[in-house]
Amino acid sequence: MANIRDYYRKNYLYEGHRLMLPELRDRVVHTCSECKFLIRIVGRDEVRPGCAALIPQYAGLARRVPGELNVVDVLKEVGSDGLKLVTDGIAPHRQACGQFHPRV
Amino acid sequence: MAVGFFFSFLYRFTLNICSSYNKVKHMFEVMFVRCPILLADMNAFYASVHQAMDPRLKGKPVIVGGDPAKRHGIVLAASYEARVCGIKTGMAVGEARDLCREGIFLKPSYSHYVDFSTRIVRIMKDFSPLVEPFSIDEAFMDVSGCGPLFGSSSDIALKLKSRIKDEVGVLCSVGVGPNKLLAKMAAGMQKPDGLTVLDLPDVPAKMWPLPARELFGVGSRLEKRLRDLNIQTIGDLAGYPLPVLQKRFGLVGHVLHLSANGLDYSPVDPHSLERVKSIGHQITLPRDYYGYDVIEVVILELCEIVCRRVRLGGYVGRTVNLTLKDIEFLWISRARTMPQSTAFTDDVYSVAVELLHQHWPSWKPVRMVGVSLGRLVENTAEQIDLFGEKEKARRLHAVCDRIKDRFGEQSILRAVSLTPAGVLRDRNGGPGHG
């Protein structure tokens with residue numbers, strides 16, 4: 001490190017002491033748009049983003065997560081309350097959550 | 001009558017002036033937050049997560065520790081109820097069992113900790129986009145300019161604490177200060193569930209009487225060297241002549257001097273985690289390993305994991321670092337920089353083995369092995385070789401990576417992993433070993 005200004009500018013005091021789990025780093029750095037579970041829920045009048053991690057069938061990656069799902073299929077799986085949960089507050093720019101799984 | 005009216009007028013006038021003054025003062029306080037940096041530090045995080053997930057554990061001594069059978073037998077976190085019995089982080093699990101017979105001992109569950117931690121960071125980002133996670137249970141936040149939206153920094157800290165408690169279910173201590181250093185020092189002053197504001201004028205009274213070891217950035221080795229200079233407290237360090245510190249410690253001496261005086265110019269960098277400097281993995285072996293042949297197997301397995309992570313991130317690295325710990329917990333860490341950046345297992349392995357042979361005698365038992373690849377850069381250009389060997393290796397690694405992506409990390413292994421010396425086959429490969 002050349003001088004004290006660079007030392008602080010490069011955040012060296014904290015970079016050197018940071019201990020981060022790779023899994024946590026992935027979630028903090030990425031957003032929902034990079035997550036496999038972000039899908040489009042296609043309804044009759046509109047299309048909304050939804051989180052497939054909240055649909056039990058797809059949560060454990062036991063089944064391949066599709067790019068989009070028809071709203072009727074989601075209703076069959078999780079009911080109307082579940083549908084609200086799946087689409088509520090989901091936005092592609094949100095910071096990834098604990099369920100984050102990167103798109104390959 | 002006239003005198004009474006005059007005094008009444010004077011009283012009202014003064015009251016109005018004071019009220020306006022207070023309003024203006026509050027407005028300025030809100031607009032220009034004086035201590036804009038917050039550090040949220042979760043209290044006994046791992047134990048609190050288990051208590052939040054299972055309400056039956058609330059109020060009970062919960063101890064999160066490794067498995068002594070796998071030689072990971074240390075206490076990682078203890079709830080405050082357990083700490084009353086004398087349990088401390090880093091203590092052997094066996095010793096903790098003796099101290100706290102009624103303690104509830106749990107194994108760590110890293111996926112849940114990561115989930116809780118991301119939820120906390122999400123809450124913090126609702127207040128300000130300038131959030132810098134510092135570890136799994138700590139994050140800095142810069143609330144400059146957030147005053148008109150959420151009030152003063154103390155108001156924000158209170159709201160943050162309340163939201164984390166209600167929405168996540170864990171308690172946190174929040175430190176508030178004009179810079180990251182003071183926020184960090186403040187967060188440690190009141191635990192659990194504390195809120196401490198540490199401004200620059202408070203430094204002589206609150207910080208200087210503390211031992212030098214308490215200053216952020218001073219470890220056990222530095223503390224020893226400071227003691228040689230008869231520096232016992234932070235106050236001693238603050239008053240020590242700067243040229244002497246600089247001569248003795250170089251740039252670090254200057255930083256120490258500024259830190260002891262409560263000065264820190266580091267920014268809260270929300271993109272800090274996007275830059276990866278090194279990727280590593282280390283393993284405590286299930287038994288002590290003797291001889292190069294068996295240690296080399298573990299090194300190869302570690303290189304495989306590290307290089308896969310490096311490739312997944314789209315990086316290549318140049319500096320190989322090998323860490324080894326013996327049965328007396330004495331460790332060495334040696335590094336070598338390669339002429340070219342790589343993400344191939346064989347390249348990293350050959351350097352790590354060279355380091356092993358050079359710095360570790362074959363008769364010496366090994367308890368822990370770690371490999372990391374540093375000086376990472378984005379893999380944008382590649383120097384190809386004359387006979388296509390690199391291309392062959394690249395294609396081989398790409399195929400293995402695709403198999404692992406699809407079928408899991410254990411789906412394809414090196415044959416040596418199936419020998420008794422291999423350690424990764426029986427592990428889940430999850431977080432916590434890295």
# chains A, B, ... in the order shown; residues from 1 in each chain; ligands from 1
$ closest_atom_pairs --of "chain A" --to "chain B" --cutoff "10 Å" --atoms "only C-alpha atoms" --output "CSV"
residue,atom,partner,partner_atom,distance
A:Met1,CA,B:Leu251,CA,8.0
A:Ala2,CA,B:Leu251,CA,8.6
A:Asn3,CA,B:Leu251,CA,7.2
A:Ile4,CA,B:Leu251,CA,6.7
A:Arg5,CA,B:Tyr265,CA,8.5
A:Asp6,CA,B:Ser266,CA,9.9
A:Tyr7,CA,B:Ser266,CA,8.3
A:Tyr8,CA,B:Ser266,CA,4.7
A:Arg9,CA,B:Ser266,CA,6.1
A:Lys10,CA,B:Ser266,CA,7.6
A:Asn11,CA,B:Ser266,CA,5.2
A:Tyr12,CA,B:Ser266,CA,8.0
A:Leu13,CA,B:Gly217,CA,7.1
A:Tyr14,CA,B:Phe134,CA,7.7
A:Glu15,CA,B:Ser272,CA,8.0
A:Gly16,CA,B:Gly217,CA,9.1
A:His17,CA,B:Gly217,CA,7.8
A:Arg18,CA,B:Phe134,CA,5.6
A:Leu19,CA,B:Ser135,CA,5.4
A:Met20,CA,B:Ser135,CA,5.3
A:Leu21,CA,B:Pro431,CA,7.0
A:Pro22,CA,B:Pro431,CA,7.7
A:Glu23,CA,B:Val114,CA,7.1
A:Leu24,CA,B:Val114,CA,5.5
A:Arg25,CA,B:Leu273,CA,6.4
A:Asp26,CA,B:Leu273,CA,8.8
A:Arg27,CA,B:Thr118,CA,6.9
A:Val28,CA,B:Thr118,CA,6.8
A:Val29,CA,B:Glu274,CA,6.1
A:His30,CA,B:Glu274,CA,9.1
A:Arg94,CA,B:Arg122,CA,8.4
A:Gln95,CA,B:Arg122,CA,6.7
A:Ala96,CA,B:Thr118,CA,7.7
A:Cys97,CA,B:Thr118,CA,5.8
A:Gly98,CA,B:Asp115,CA,3.9
A:Gln99,CA,B:Asp115,CA,7.4
A:Phe100,CA,B:Asp115,CA,9.3
A:Val104,CA,B:Asp405,CA,7.8
$ write_last_selection --atoms "C-alpha atoms" --output "mmCIF file, in the first residue's frame"
data_model
loop_
_atom_site.group_PDB
_atom_site.id
_atom_site.type_symbol
_atom_site.label_atom_id
_atom_site.label_comp_id
_atom_site.auth_asym_id
_atom_site.auth_seq_id
_atom_site.Cartn_x
_atom_site.Cartn_y
_atom_site.Cartn_z
ATOM 1 C CA MET A 1 0.000 0.000 0.000
ATOM 2 C CA ALA A 2 1.597 3.209 -1.171
ATOM 3 C CA ASN A 3 0.120 5.734 1.203
ATOM 4 C CA ILE A 4 -2.472 6.261 3.891
ATOM 5 C CA ARG A 5 -4.965 7.776 1.448
ATOM 6 C CA ASP A 6 -4.965 4.598 -0.656
ATOM 7 C CA TYR A 7 -5.189 2.505 2.504
ATOM 8 C CA TYR A 8 -8.487 4.107 3.439
ATOM 9 C CA ARG A 9 -9.800 4.558 -0.088
ATOM 10 C CA LYS A 10 -9.405 0.851 -0.765
ATOM 11 C CA ASN A 11 -11.144 0.017 2.509
ATOM 12 C CA TYR A 12 -8.104 -2.005 3.499
ATOM 13 C CA LEU A 13 -8.750 -1.913 7.247
ATOM 14 C CA TYR A 14 -12.007 -3.803 6.763
ATOM 15 C CA GLU A 15 -11.170 -5.854 3.667
ATOM 16 C CA GLY A 16 -8.375 -7.489 5.631
ATOM 17 C CA HIS A 17 -10.654 -8.460 8.515
ATOM 18 C CA ARG A 18 -13.709 -9.562 6.593
ATOM 19 C CA LEU A 19 -14.753 -13.173 6.999
ATOM 20 C CA MET A 20 -17.507 -14.163 4.639
ATOM 21 C CA LEU A 21 -19.147 -17.466 3.795
ATOM 22 C CA PRO A 22 -19.189 -17.920 0.015
ATOM 23 C CA GLU A 23 -22.904 -18.759 0.196
ATOM 24 C CA LEU A 24 -23.707 -15.485 1.927
ATOM 25 C CA ARG A 25 -21.591 -13.548 -0.533
ATOM 26 C CA ASP A 26 -23.582 -15.059 -3.427
ATOM 27 C CA ARG A 27 -26.841 -13.946 -1.905
ATOM 28 C CA VAL A 28 -25.695 -10.445 -1.054
ATOM 29 C CA VAL A 29 -24.120 -9.819 -4.451
ATOM 30 C CA HIS A 30 -26.893 -11.223 -6.632
ATOM 31 C CA ARG A 94 -34.469 -7.287 -5.088
ATOM 32 C CA GLN A 95 -31.475 -8.667 -3.270
ATOM 33 C CA ALA A 96 -31.386 -12.472 -3.419
ATOM 34 C CA CYS A 97 -32.710 -14.368 -0.428
ATOM 35 C CA GLY A 98 -31.622 -17.550 1.348
ATOM 36 C CA GLN A 99 -33.322 -19.692 -1.336
ATOM 37 C CA PHE A 100 -31.152 -18.206 -4.071
ATOM 38 C CA VAL A 104 -26.808 -21.977 -14.958
#
$ select_by_dssp --residues "stretch 42-94 of chain A" --states "helix (DSSP H, G or I)" --output "number ranges by chain"
A: 52-54, 56-59, 71-87
$ write_last_selection --atoms "N, CA and C atoms" --output "PDB file, in the first residue's frame"
ATOM      1  N   ALA A  52     -40.660 -19.277  -7.513  1.00  0.00           N
ATOM      2  CA  ALA A  52     -40.984 -20.708  -7.535  1.00  0.00           C
ATOM      3  C   ALA A  52     -40.504 -21.425  -6.278  1.00  0.00           C
ATOM      4  N   ALA A  53     -39.622 -20.770  -5.507  1.00  0.00           N
ATOM      5  CA  ALA A  53     -39.144 -21.403  -4.270  1.00  0.00           C
ATOM      6  C   ALA A  53     -40.274 -21.538  -3.257  1.00  0.00           C
ATOM      7  N   LEU A  54     -41.360 -20.778  -3.467  1.00  0.00           N
ATOM      8  CA  LEU A  54     -42.491 -20.844  -2.543  1.00  0.00           C
ATOM      9  C   LEU A  54     -43.544 -21.860  -2.991  1.00  0.00           C
ATOM     10  N   PRO A  56     -44.025 -25.701  -3.287  1.00  0.00           N
ATOM     11  CA  PRO A  56     -43.318 -26.890  -2.764  1.00  0.00           C
ATOM     12  C   PRO A  56     -42.776 -27.816  -3.835  1.00  0.00           C
ATOM     13  N   GLN A  57     -43.520 -27.928  -4.922  1.00  0.00           N
ATOM     14  CA  GLN A  57     -43.127 -28.836  -5.998  1.00  0.00           C
ATOM     15  C   GLN A  57     -41.737 -28.493  -6.566  1.00  0.00           C
ATOM     16  N   TYR A  58     -41.427 -27.204  -6.593  1.00  0.00           N
ATOM     17  CA  TYR A  58     -40.162 -26.764  -7.193  1.00  0.00           C
ATOM     18  C   TYR A  58     -39.109 -26.381  -6.156  1.00  0.00           C
ATOM     19  N   ALA A  59     -39.539 -26.198  -4.911  1.00  0.00           N
ATOM     20  CA  ALA A  59     -38.639 -25.645  -3.890  1.00  0.00           C
ATOM     21  C   ALA A  59     -37.354 -26.451  -3.731  1.00  0.00           C
ATOM     22  N   VAL A  71     -51.045 -19.352 -14.379  1.00  0.00           N
ATOM     23  CA  VAL A  71     -51.591 -19.070 -13.053  1.00  0.00           C
ATOM     24  C   VAL A  71     -52.501 -20.206 -12.558  1.00  0.00           C
ATOM     25  N   VAL A  72     -53.135 -20.886 -13.500  1.00  0.00           N
ATOM     26  CA  VAL A  72     -54.032 -21.987 -13.104  1.00  0.00           C
ATOM     27  C   VAL A  72     -53.223 -23.121 -12.454  1.00  0.00           C
ATOM     28  N   ASP A  73     -52.042 -23.378 -13.016  1.00  0.00           N
ATOM     29  CA  ASP A  73     -51.178 -24.422 -12.438  1.00  0.00           C
ATOM     30  C   ASP A  73     -50.727 -24.043 -11.031  1.00  0.00           C
ATOM     31  N   VAL A  74     -50.416 -22.766 -10.862  1.00  0.00           N
ATOM     32  CA  VAL A  74     -49.968 -22.315  -9.532  1.00  0.00           C
ATOM     33  C   VAL A  74     -51.127 -22.418  -8.544  1.00  0.00           C
ATOM     34  N   LEU A  75     -52.311 -22.029  -8.995  1.00  0.00           N
ATOM     35  CA  LEU A  75     -53.495 -22.115  -8.119  1.00  0.00           C
ATOM     36  C   LEU A  75     -53.748 -23.557  -7.692  1.00  0.00           C
ATOM     37  N   LYS A  76     -53.568 -24.474  -8.636  1.00  0.00           N
ATOM     38  CA  LYS A  76     -53.769 -25.891  -8.311  1.00  0.00           C
ATOM     39  C   LYS A  76     -52.787 -26.351  -7.239  1.00  0.00           C
ATOM     40  N   GLU A  77     -51.570 -25.824  -7.326  1.00  0.00           N
ATOM     41  CA  GLU A  77     -50.511 -26.266  -6.407  1.00  0.00           C
ATOM     42  C   GLU A  77     -50.633 -25.650  -5.021  1.00  0.00           C
ATOM     43  N   VAL A  78     -50.842 -24.325  -4.985  1.00  0.00           N
ATOM     44  CA  VAL A  78     -50.733 -23.641  -3.685  1.00  0.00           C
ATOM     45  C   VAL A  78     -52.002 -22.882  -3.268  1.00  0.00           C
ATOM     46  N   GLY A  79     -53.018 -22.856  -4.120  1.00  0.00           N
ATOM     47  CA  GLY A  79     -54.258 -22.166  -3.753  1.00  0.00           C
ATOM     48  C   GLY A  79     -54.122 -20.657  -3.927  1.00  0.00           C
ATOM     49  N   SER A  80     -55.222 -19.948  -3.656  1.00  0.00           N
ATOM     50  CA  SER A  80     -55.212 -18.496  -3.919  1.00  0.00           C
ATOM     51  C   SER A  80     -54.313 -17.741  -2.927  1.00  0.00           C
ATOM     52  N   ASP A  81     -54.311 -18.189  -1.652  1.00  0.00           N
ATOM     53  CA  ASP A  81     -53.434 -17.533  -0.670  1.00  0.00           C
ATOM     54  C   ASP A  81     -51.968 -17.731  -1.043  1.00  0.00           C
ATOM     55  N   GLY A  82     -51.678 -18.955  -1.474  1.00  0.00           N
ATOM     56  CA  GLY A  82     -50.315 -19.274  -1.885  1.00  0.00           C
ATOM     57  C   GLY A  82     -49.886 -18.457  -3.086  1.00  0.00           C
ATOM     58  N   LEU A  83     -50.821 -18.259  -4.009  1.00  0.00           N
ATOM     59  CA  LEU A  83     -50.526 -17.471  -5.216  1.00  0.00           C
ATOM     60  C   LEU A  83     -50.157 -16.037  -4.825  1.00  0.00           C
ATOM     61  N   LYS A  84     -50.911 -15.516  -3.842  1.00  0.00           N
ATOM     62  CA  LYS A  84     -50.625 -14.152  -3.382  1.00  0.00           C
ATOM     63  C   LYS A  84     -49.197 -14.087  -2.812  1.00  0.00           C
ATOM     64  N   LEU A  85     -48.878 -15.143  -2.051  1.00  0.00           N
ATOM     65  CA  LEU A  85     -47.547 -15.196  -1.434  1.00  0.00           C
ATOM     66  C   LEU A  85     -46.444 -15.288  -2.496  1.00  0.00           C
ATOM     67  N   VAL A  86     -46.729 -16.098  -3.524  1.00  0.00           N
ATOM     68  CA  VAL A  86     -45.734 -16.349  -4.584  1.00  0.00           C
ATOM     69  C   VAL A  86     -45.432 -15.077  -5.381  1.00  0.00           C
ATOM     70  N   THR A  87     -46.469 -14.243  -5.562  1.00  0.00           N
ATOM     71  CA  THR A  87     -46.269 -13.046  -6.405  1.00  0.00           C
ATOM     72  C   THR A  87     -46.081 -11.767  -5.603  1.00  0.00           C
TER      73      THR A  87
END
$ select_by_dssp --residues "stretch 152-271 of chain B" --states "strand (DSSP E or B)" --output "list in words"
Cys172, Ser173, Val174, Gly175, Val176, Gly177, Leu195, Thr196, Val197, Pro211 and Thr233 of chain B
$ residues_around --residues "A:Arg40" --least-positions-apart "6" --cutoff "9 Å" --atoms "only C-alpha atoms" --output "list of chain:residue names"
A:Val47, A:Arg48, A:Pro49, A:Gly50, A:Cys51, A:Pro66, A:Gly67, A:Glu68, A:Leu69, A:Asn70
$ write_last_selection --atoms "N, CA and C atoms" --output "short mmCIF file (atom, residue, chain, number, x, y, z; two decimals), in the first residue's frame"
data_model
loop_
_atom_site.label_atom_id
_atom_site.label_comp_id
_atom_site.auth_asym_id
_atom_site.auth_seq_id
_atom_site.Cartn_x
_atom_site.Cartn_y
_atom_site.Cartn_z
N VAL A 47 -49.14 -10.52 -16.64
CA VAL A 47 -48.03 -11.43 -16.31
C VAL A 47 -47.28 -10.81 -15.13
N ARG A 48 -47.06 -11.59 -14.08
CA ARG A 48 -46.34 -11.06 -12.90
C ARG A 48 -45.13 -11.94 -12.59
N PRO A 49 -44.09 -11.32 -12.03
CA PRO A 49 -42.97 -12.16 -11.58
C PRO A 49 -43.37 -12.91 -10.32
N GLY A 50 -42.87 -14.10 -10.18
CA GLY A 50 -43.18 -14.90 -9.00
C GLY A 50 -41.98 -15.70 -8.55
N CYS A 51 -42.04 -16.21 -7.33
CA CYS A 51 -40.91 -16.97 -6.79
C CYS A 51 -41.31 -18.45 -6.70
N PRO A 66 -39.53 -24.18 -14.42
CA PRO A 66 -39.73 -23.63 -15.76
C PRO A 66 -39.55 -22.11 -15.77
N GLY A 67 -39.43 -21.54 -16.94
CA GLY A 67 -39.29 -20.08 -17.05
C GLY A 67 -40.58 -19.36 -16.72
N GLU A 68 -41.69 -20.01 -17.08
CA GLU A 68 -42.98 -19.39 -16.75
C GLU A 68 -44.00 -20.46 -16.42
N LEU A 69 -44.99 -20.06 -15.63
CA LEU A 69 -46.04 -20.99 -15.22
C LEU A 69 -47.39 -20.32 -15.44
N ASN A 70 -48.35 -21.12 -15.82
CA ASN A 70 -49.69 -20.57 -15.95
C ASN A 70 -50.29 -20.41 -14.56
#
$ atom_distance --atom1 "atom CA of B:Ala187" --atom2 "atom CA of B:Leu57"
25.6 Å
$ residues_around --residues "B:Tyr315" --least-positions-apart "2" --cutoff "12 Å" --atoms "only C-alpha atoms" --output "VMD selection string"
chain B and resid 275 to 279 306 to 313 317 to 318 341 to 344 373 to 382
$ write_last_selection --atoms "N, CA and C atoms" --output "mmCIF file, in the first residue's frame"
data_model
loop_
_atom_site.group_PDB
_atom_site.id
_atom_site.type_symbol
_atom_site.label_atom_id
_atom_site.label_comp_id
_atom_site.auth_asym_id
_atom_site.auth_seq_id
_atom_site.Cartn_x
_atom_site.Cartn_y
_atom_site.Cartn_z
ATOM 1 N N ARG B 275 -16.043 -7.777 -5.372
ATOM 2 C CA ARG B 275 -14.649 -8.023 -5.749
ATOM 3 C C ARG B 275 -14.119 -9.184 -4.915
ATOM 4 N N VAL B 276 -13.800 -10.246 -5.571
ATOM 5 C CA VAL B 276 -13.263 -11.406 -4.858
ATOM 6 C C VAL B 276 -11.759 -11.391 -4.992
ATOM 7 N N LYS B 277 -11.052 -11.442 -3.878
ATOM 8 C CA LYS B 277 -9.590 -11.402 -3.942
ATOM 9 C C LYS B 277 -8.992 -12.801 -3.910
ATOM 10 N N SER B 278 -9.605 -13.656 -3.102
ATOM 11 C CA SER B 278 -9.092 -15.017 -3.056
ATOM 12 C C SER B 278 -10.230 -15.970 -2.720
ATOM 13 N N ILE B 279 -10.054 -17.206 -3.109
ATOM 14 C CA ILE B 279 -11.035 -18.249 -2.790
ATOM 15 C C ILE B 279 -10.262 -19.402 -2.187
ATOM 16 N N VAL B 306 -11.425 -25.725 -4.675
ATOM 17 C CA VAL B 306 -11.092 -24.304 -4.825
ATOM 18 C C VAL B 306 -11.164 -23.908 -6.300
ATOM 19 N N CYS B 307 -10.584 -24.729 -7.162
ATOM 20 C CA CYS B 307 -10.561 -24.366 -8.584
ATOM 21 C C CYS B 307 -11.957 -24.393 -9.188
ATOM 22 N N ARG B 308 -12.783 -25.291 -8.712
ATOM 23 C CA ARG B 308 -14.172 -25.292 -9.220
ATOM 24 C C ARG B 308 -14.862 -23.981 -8.836
ATOM 25 N N ARG B 309 -14.682 -23.555 -7.603
ATOM 26 C CA ARG B 309 -15.289 -22.290 -7.179
ATOM 27 C C ARG B 309 -14.737 -21.115 -7.984
ATOM 28 N N VAL B 310 -13.441 -21.172 -8.242
ATOM 29 C CA VAL B 310 -12.814 -20.096 -9.019
ATOM 30 C C VAL B 310 -13.411 -20.062 -10.427
ATOM 31 N N ARG B 311 -13.576 -21.237 -11.028
ATOM 32 C CA ARG B 311 -14.146 -21.296 -12.379
ATOM 33 C C ARG B 311 -15.604 -20.846 -12.387
ATOM 34 N N LEU B 312 -16.347 -21.254 -11.339
ATOM 35 C CA LEU B 312 -17.756 -20.848 -11.253
ATOM 36 C C LEU B 312 -17.899 -19.330 -11.207
ATOM 37 N N GLY B 313 -16.956 -18.681 -10.515
ATOM 38 C CA GLY B 313 -16.999 -17.224 -10.422
ATOM 39 C C GLY B 313 -16.460 -16.538 -11.667
ATOM 40 N N GLY B 317 -6.589 -17.286 -11.066
ATOM 41 C CA GLY B 317 -5.747 -16.745 -9.987
ATOM 42 C C GLY B 317 -4.291 -17.105 -10.175
ATOM 43 N N ARG B 318 -3.424 -16.387 -9.468
ATOM 44 C CA ARG B 318 -1.981 -16.608 -9.637
ATOM 45 C C ARG B 318 -1.285 -17.104 -8.381
ATOM 46 N N SER B 341 -1.779 -16.841 -14.639
ATOM 47 C CA SER B 341 -3.013 -17.116 -13.897
ATOM 48 C C SER B 341 -3.632 -18.412 -14.401
ATOM 49 N N THR B 342 -4.298 -19.115 -13.491
ATOM 50 C CA THR B 342 -4.925 -20.382 -13.866
ATOM 51 C C THR B 342 -6.156 -20.650 -13.017
ATOM 52 N N ALA B 343 -6.988 -21.565 -13.509
ATOM 53 C CA ALA B 343 -8.104 -22.054 -12.703
ATOM 54 C C ALA B 343 -8.145 -23.579 -12.805
ATOM 55 N N PHE B 344 -7.024 -24.154 -13.212
ATOM 56 C CA PHE B 344 -6.961 -25.596 -13.386
ATOM 57 C C PHE B 344 -6.383 -26.269 -12.145
ATOM 58 N N LEU B 373 -6.520 -19.797 -3.501
ATOM 59 C CA LEU B 373 -5.969 -19.216 -4.726
ATOM 60 C C LEU B 373 -6.256 -17.718 -4.699
ATOM 61 N N GLY B 374 -5.203 -16.936 -4.735
ATOM 62 C CA GLY B 374 -5.356 -15.483 -4.642
ATOM 63 C C GLY B 374 -4.999 -14.768 -5.922
ATOM 64 N N ARG B 375 -4.944 -13.443 -5.836
ATOM 65 C CA ARG B 375 -4.700 -12.558 -6.990
ATOM 66 C C ARG B 375 -5.655 -12.891 -8.128
ATOM 67 N N LEU B 376 -6.924 -12.989 -7.772
ATOM 68 C CA LEU B 376 -7.917 -13.381 -8.768
ATOM 69 C C LEU B 376 -8.221 -12.228 -9.712
ATOM 70 N N VAL B 377 -8.351 -12.570 -10.965
ATOM 71 C CA VAL B 377 -8.801 -11.598 -11.976
ATOM 72 C C VAL B 377 -9.854 -12.289 -12.842
ATOM 73 N N GLU B 378 -10.650 -11.482 -13.521
ATOM 74 C CA GLU B 378 -11.677 -12.036 -14.405
ATOM 75 C C GLU B 378 -11.011 -12.823 -15.529
ATOM 76 N N ASN B 379 -11.597 -13.947 -15.847
ATOM 77 C CA ASN B 379 -11.022 -14.802 -16.883
ATOM 78 C C ASN B 379 -11.455 -14.296 -18.257
ATOM 79 N N THR B 380 -10.769 -13.274 -18.739
ATOM 80 C CA THR B 380 -11.170 -12.686 -20.023
ATOM 81 C C THR B 380 -10.259 -13.144 -21.171
ATOM 82 N N ALA B 381 -8.981 -13.300 -20.867
ATOM 83 C CA ALA B 381 -8.049 -13.719 -21.927
ATOM 84 C C ALA B 381 -7.232 -14.901 -21.441
ATOM 85 N N GLU B 382 -6.820 -15.743 -22.359
ATOM 86 C CA GLU B 382 -6.074 -16.934 -21.957
ATOM 87 C C GLU B 382 -4.857 -17.118 -22.866
#
$ closest_residue --among "B:Pro211, B:Glu409, B:Asp126, B:Gly388" --to "B:Glu223" --atoms "only C-alpha atoms"
B:Pro211
